[in-house]
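Enquirer: Below you'll find the structure I mean.
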Amino acid sequence: WRGAAFPAGRVLESEIEALLATRKVCLQGLDAGGRPVILIRARLHHGGDAAGNRRLICYALDAAYAAAAAAPAAAAAGNPDRRVLCLFDLAGVRPANLDARALGGIFDTLKRSYPERLSALYFLVRRRETTRVVGVEGWDAAAAHPFFPSNPPSSQNAPAIFGPLWSLISPMVLENVRRKIRFLRGDAARAVLAETLPPGVWPTTLGGTAPLIPVDDAVAAAREAAGKRPRRRFIA
């Protein structure tokens, strides 16, 4: 499929330049288990270019796979299959950001082109997206939404504005992928992130201290590092 979709062998930055400029997809580094962390900021998404968004997802997944392949031995040992952790930040999402074609395209791309590459996908819900409790903004213990390690995701676990879209998309998501999806909120979300993300990976937008790393910046840094890396010598 890759040869037909990407004649150059990969997605070129020039093909998705406008989408990269939105900074809506980041590649933060490796989590505690050696998995590359892709962060998608939904509030920066605006529909209209379904094909381009698919290319962007392929670009990000290829970059994540390359990051896993280049990981130090200790990190690689924890993630031998080079699977990816995806964080979908729903903070500040408005109706204009909700795009069934784009969200469905993500899962279709995973199914068709990257089977078994997804380790887990967390939809992260902030306080501002809750509808039944009012109070301070941000992570909130009083409004903590439990982490359901054994329950499949449903529209009841999603924020109100996102629920109808998830109800539309979720039946089309493969069961083995559905089992990897969780909606996290409140103290449960903070606890999972603290356990999963090292300080240098946990971004400020999610309560951590690490800067955001747009995916094309991560790719450029990886290419620069690869260019400086000494080549191995093979002795006959």
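Labels used: A, B, ... for chains in the order of the structure tokens, numbers from 1 for residues in each chain, and numbers from 1 for ligands as shown.
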Might you pull out every residue within 10 Å of A:Gly78, with only C-alpha atoms counted and same-chain residues fewer than 4 positions away left off, and present them as an MDAnalysis selection string?
Expert: chainID A and resid 32:35 73:74 82
Enquirer: As a PyMOL selection string, please: the residues near A:Ile181 (cut-off 8 Å, only C-alpha atoms, same-chain neighbours under 2 positions excluded).
Expert: chain A and resi 120-123+152-153+177-179+183
Enquirer: Excluding A:Cys26 and residues on its chain fewer than 2 positions from it, collect all residues at most 9 Å away from it, counting only C-alpha atoms, and give them as a ChimeraX atom specification.
Expert: /A:23-24,28,37-41,60,212-218
Enquirer: The selected residues should be written to file as a PDB file, in the first residue's frame (atoms: C-alpha atoms).
Expert:
ATOM      1  CA  ARG A  23       0.937  21.988  15.492  1.00  0.00           C
ATOM      2  CA  LYS A  24      -1.973  19.717  16.374  1.00  0.00           C
ATOM      3  CA  GLN A  28       6.782  13.774  22.817  1.00  0.00           C
ATOM      4  CA  VAL A  37       3.958   9.076  22.717  1.00  0.00           C
ATOM      5  CA  ILE A  38       1.821  10.778  20.076  1.00  0.00           C
ATOM      6  CA  LEU A  39      -0.232  13.706  21.368  1.00  0.00           C
ATOM      7  CA  ILE A  40      -3.180  14.986  19.312  1.00  0.00           C
ATOM      8  CA  ARG A  41      -4.655  18.349  20.342  1.00  0.00           C
ATOM      9  CA  ALA A  60       3.146  10.673  12.769  1.00  0.00           C
ATOM     10  CA  LEU A 212       5.353  20.368  23.316  1.00  0.00           C
ATOM     11  CA  ILE A 213       7.296  18.820  20.434  1.00  0.00           C
ATOM     12  CA  PRO A 214       5.444  19.128  17.116  1.00  0.00           C
ATOM     13  CA  VAL A 215       5.873  15.958  15.114  1.00  0.00           C
ATOM     14  CA  ASP A 216       7.844  17.573  12.289  1.00  0.00           C
ATOM     15  CA  ASP A 217      10.250  19.085  14.837  1.00  0.00           C
ATOM     16  CA  ALA A 218      10.717  15.626  16.336  1.00  0.00           C
TER      17      ALA A 218
END
Enquirer: I need the residues in stretch 41-213 of chain A that are strand (DSSP E) according to DSSP; give them as a PDB file with N, CA and C atoms, in the first residue's frame.
Expert:
ATOM      1  N   ARG A  41      -3.891  17.276  19.692  1.00  0.00           N
ATOM      2  CA  ARG A  41      -4.655  18.349  20.342  1.00  0.00           C
ATOM      3  C   ARG A  41      -5.875  18.661  19.480  1.00  0.00           C
ATOM      4  N   VAL A  84       2.697   2.035  19.946  1.00  0.00           N
ATOM      5  CA  VAL A  84       2.590   3.477  20.184  1.00  0.00           C
ATOM      6  C   VAL A  84       1.512   3.771  21.215  1.00  0.00           C
ATOM      7  N   LEU A  85       1.772   4.753  22.061  1.00  0.00           N
ATOM      8  CA  LEU A  85       0.766   5.297  22.958  1.00  0.00           C
ATOM      9  C   LEU A  85       0.266   6.604  22.370  1.00  0.00           C
ATOM     10  N   CYS A  86      -1.040   6.727  22.225  1.00  0.00           N
ATOM     11  CA  CYS A  86      -1.635   7.942  21.654  1.00  0.00           C
ATOM     12  C   CYS A  86      -2.477   8.640  22.715  1.00  0.00           C
ATOM     13  N   LEU A  87      -2.218   9.924  22.919  1.00  0.00           N
ATOM     14  CA  LEU A  87      -2.986  10.762  23.835  1.00  0.00           C
ATOM     15  C   LEU A  87      -3.809  11.739  23.008  1.00  0.00           C
ATOM     16  N   PHE A  88      -5.106  11.729  23.217  1.00  0.00           N
ATOM     17  CA  PHE A  88      -6.016  12.578  22.451  1.00  0.00           C
ATOM     18  C   PHE A  88      -6.578  13.614  23.411  1.00  0.00           C
ATOM     19  N   ASP A  89      -6.017  14.815  23.389  1.00  0.00           N
ATOM     20  CA  ASP A  89      -6.387  15.865  24.331  1.00  0.00           C
ATOM     21  C   ASP A  89      -7.651  16.574  23.846  1.00  0.00           C
ATOM     22  N   LEU A 118      -0.928   0.071  17.664  1.00  0.00           N
ATOM     23  CA  LEU A 118      -1.449   0.861  18.778  1.00  0.00           C
ATOM     24  C   LEU A 118      -1.381   0.050  20.070  1.00  0.00           C
ATOM     25  N   SER A 119      -0.705   0.606  21.070  1.00  0.00           N
ATOM     26  CA  SER A 119      -0.671  -0.024  22.384  1.00  0.00           C
ATOM     27  C   SER A 119      -1.858   0.426  23.223  1.00  0.00           C
ATOM     28  N   ALA A 120      -2.105   1.733  23.219  1.00  0.00           N
ATOM     29  CA  ALA A 120      -3.226   2.284  23.978  1.00  0.00           C
ATOM     30  C   ALA A 120      -3.552   3.666  23.433  1.00  0.00           C
ATOM     31  N   LEU A 121      -4.812   4.058  23.589  1.00  0.00           N
ATOM     32  CA  LEU A 121      -5.248   5.404  23.211  1.00  0.00           C
ATOM     33  C   LEU A 121      -6.075   5.950  24.358  1.00  0.00           C
ATOM     34  N   TYR A 122      -5.643   7.081  24.901  1.00  0.00           N
ATOM     35  CA  TYR A 122      -6.358   7.725  25.997  1.00  0.00           C
ATOM     36  C   TYR A 122      -6.971   9.029  25.506  1.00  0.00           C
ATOM     37  N   PHE A 123      -8.293   9.123  25.604  1.00  0.00           N
ATOM     38  CA  PHE A 123      -8.979  10.394  25.396  1.00  0.00           C
ATOM     39  C   PHE A 123      -8.943  11.117  26.740  1.00  0.00           C
ATOM     40  N   LEU A 124      -8.311  12.273  26.785  1.00  0.00           N
ATOM     41  CA  LEU A 124      -8.120  13.012  28.035  1.00  0.00           C
ATOM     42  C   LEU A 124      -9.137  14.134  28.126  1.00  0.00           C
ATOM     43  N   VAL A 125      -9.949  14.071  29.176  1.00  0.00           N
ATOM     44  CA  VAL A 125     -11.066  15.000  29.350  1.00  0.00           C
ATOM     45  C   VAL A 125     -10.735  15.963  30.473  1.00  0.00           C
ATOM     46  N   ILE A 181      -8.803   1.564  24.248  1.00  0.00           N
ATOM     47  CA  ILE A 181      -9.228   2.957  24.363  1.00  0.00           C
ATOM     48  C   ILE A 181      -9.822   3.219  25.735  1.00  0.00           C
ATOM     49  N   ARG A 182      -9.430   4.341  26.345  1.00  0.00           N
ATOM     50  CA  ARG A 182      -9.990   4.754  27.623  1.00  0.00           C
ATOM     51  C   ARG A 182     -10.262   6.256  27.608  1.00  0.00           C
ATOM     52  N   PHE A 183     -11.327   6.653  28.301  1.00  0.00           N
ATOM     53  CA  PHE A 183     -11.564   8.062  28.566  1.00  0.00           C
ATOM     54  C   PHE A 183     -11.115   8.312  29.996  1.00  0.00           C
ATOM     55  N   LEU A 184     -10.192   9.242  30.184  1.00  0.00           N
ATOM     56  CA  LEU A 184      -9.626   9.516  31.503  1.00  0.00           C
ATOM     57  C   LEU A 184      -9.923  10.946  31.913  1.00  0.00           C
ATOM     58  N   ARG A 185     -10.257  11.095  33.197  1.00  0.00           N
ATOM     59  CA  ARG A 185     -10.603  12.419  33.718  1.00  0.00           C
ATOM     60  C   ARG A 185     -10.214  12.501  35.181  1.00  0.00           C
TER      61      ARG A 185
END
Enquirer: Here is a test: counting only C-alpha atoms, which residue of A:Leu90, A:Thr204, A:Glu116, A:Leu30 is nearest to A:Pro72?
Expert: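 Ranked by minimum distance to A:Pro72, first place goes to A:Leu30.
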Enquirer: I need the residues in stretch 7-193 of chain A that are alpha helix (DSSP H) according to DSSP; give them as a PyMOL selection string.
Expert: chain A and resi 17-21+50-69+73-78+100-113+163-169+175-178+186-193
Enquirer: Between A:Cys58, A:Ala66, A:Pro171, A:Gly208, which has the minimum distance to A:Thr196 (counting only C-alpha atoms)?
Expert: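 Checking each candidate against A:Thr196, we get A:Gly208 as the closest.
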Enquirer: Hey, what's within 9 Å of A:His45 if we count only C-alpha atoms and toss same-chain stuff fewer than 6 positions away? As an NGL selection string, please?
Expert: :A and (19 or 22 or 24 or 96-99)
Enquirer: Quick check, in Å to one decimal: how far apart do atom CA of A:Ile57 and atom CA of A:Ala222 lie?
Expert: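 Result for atom CA of A:Ile57 versus atom CA of A:Ala222: 17.9 Å, one decimal.
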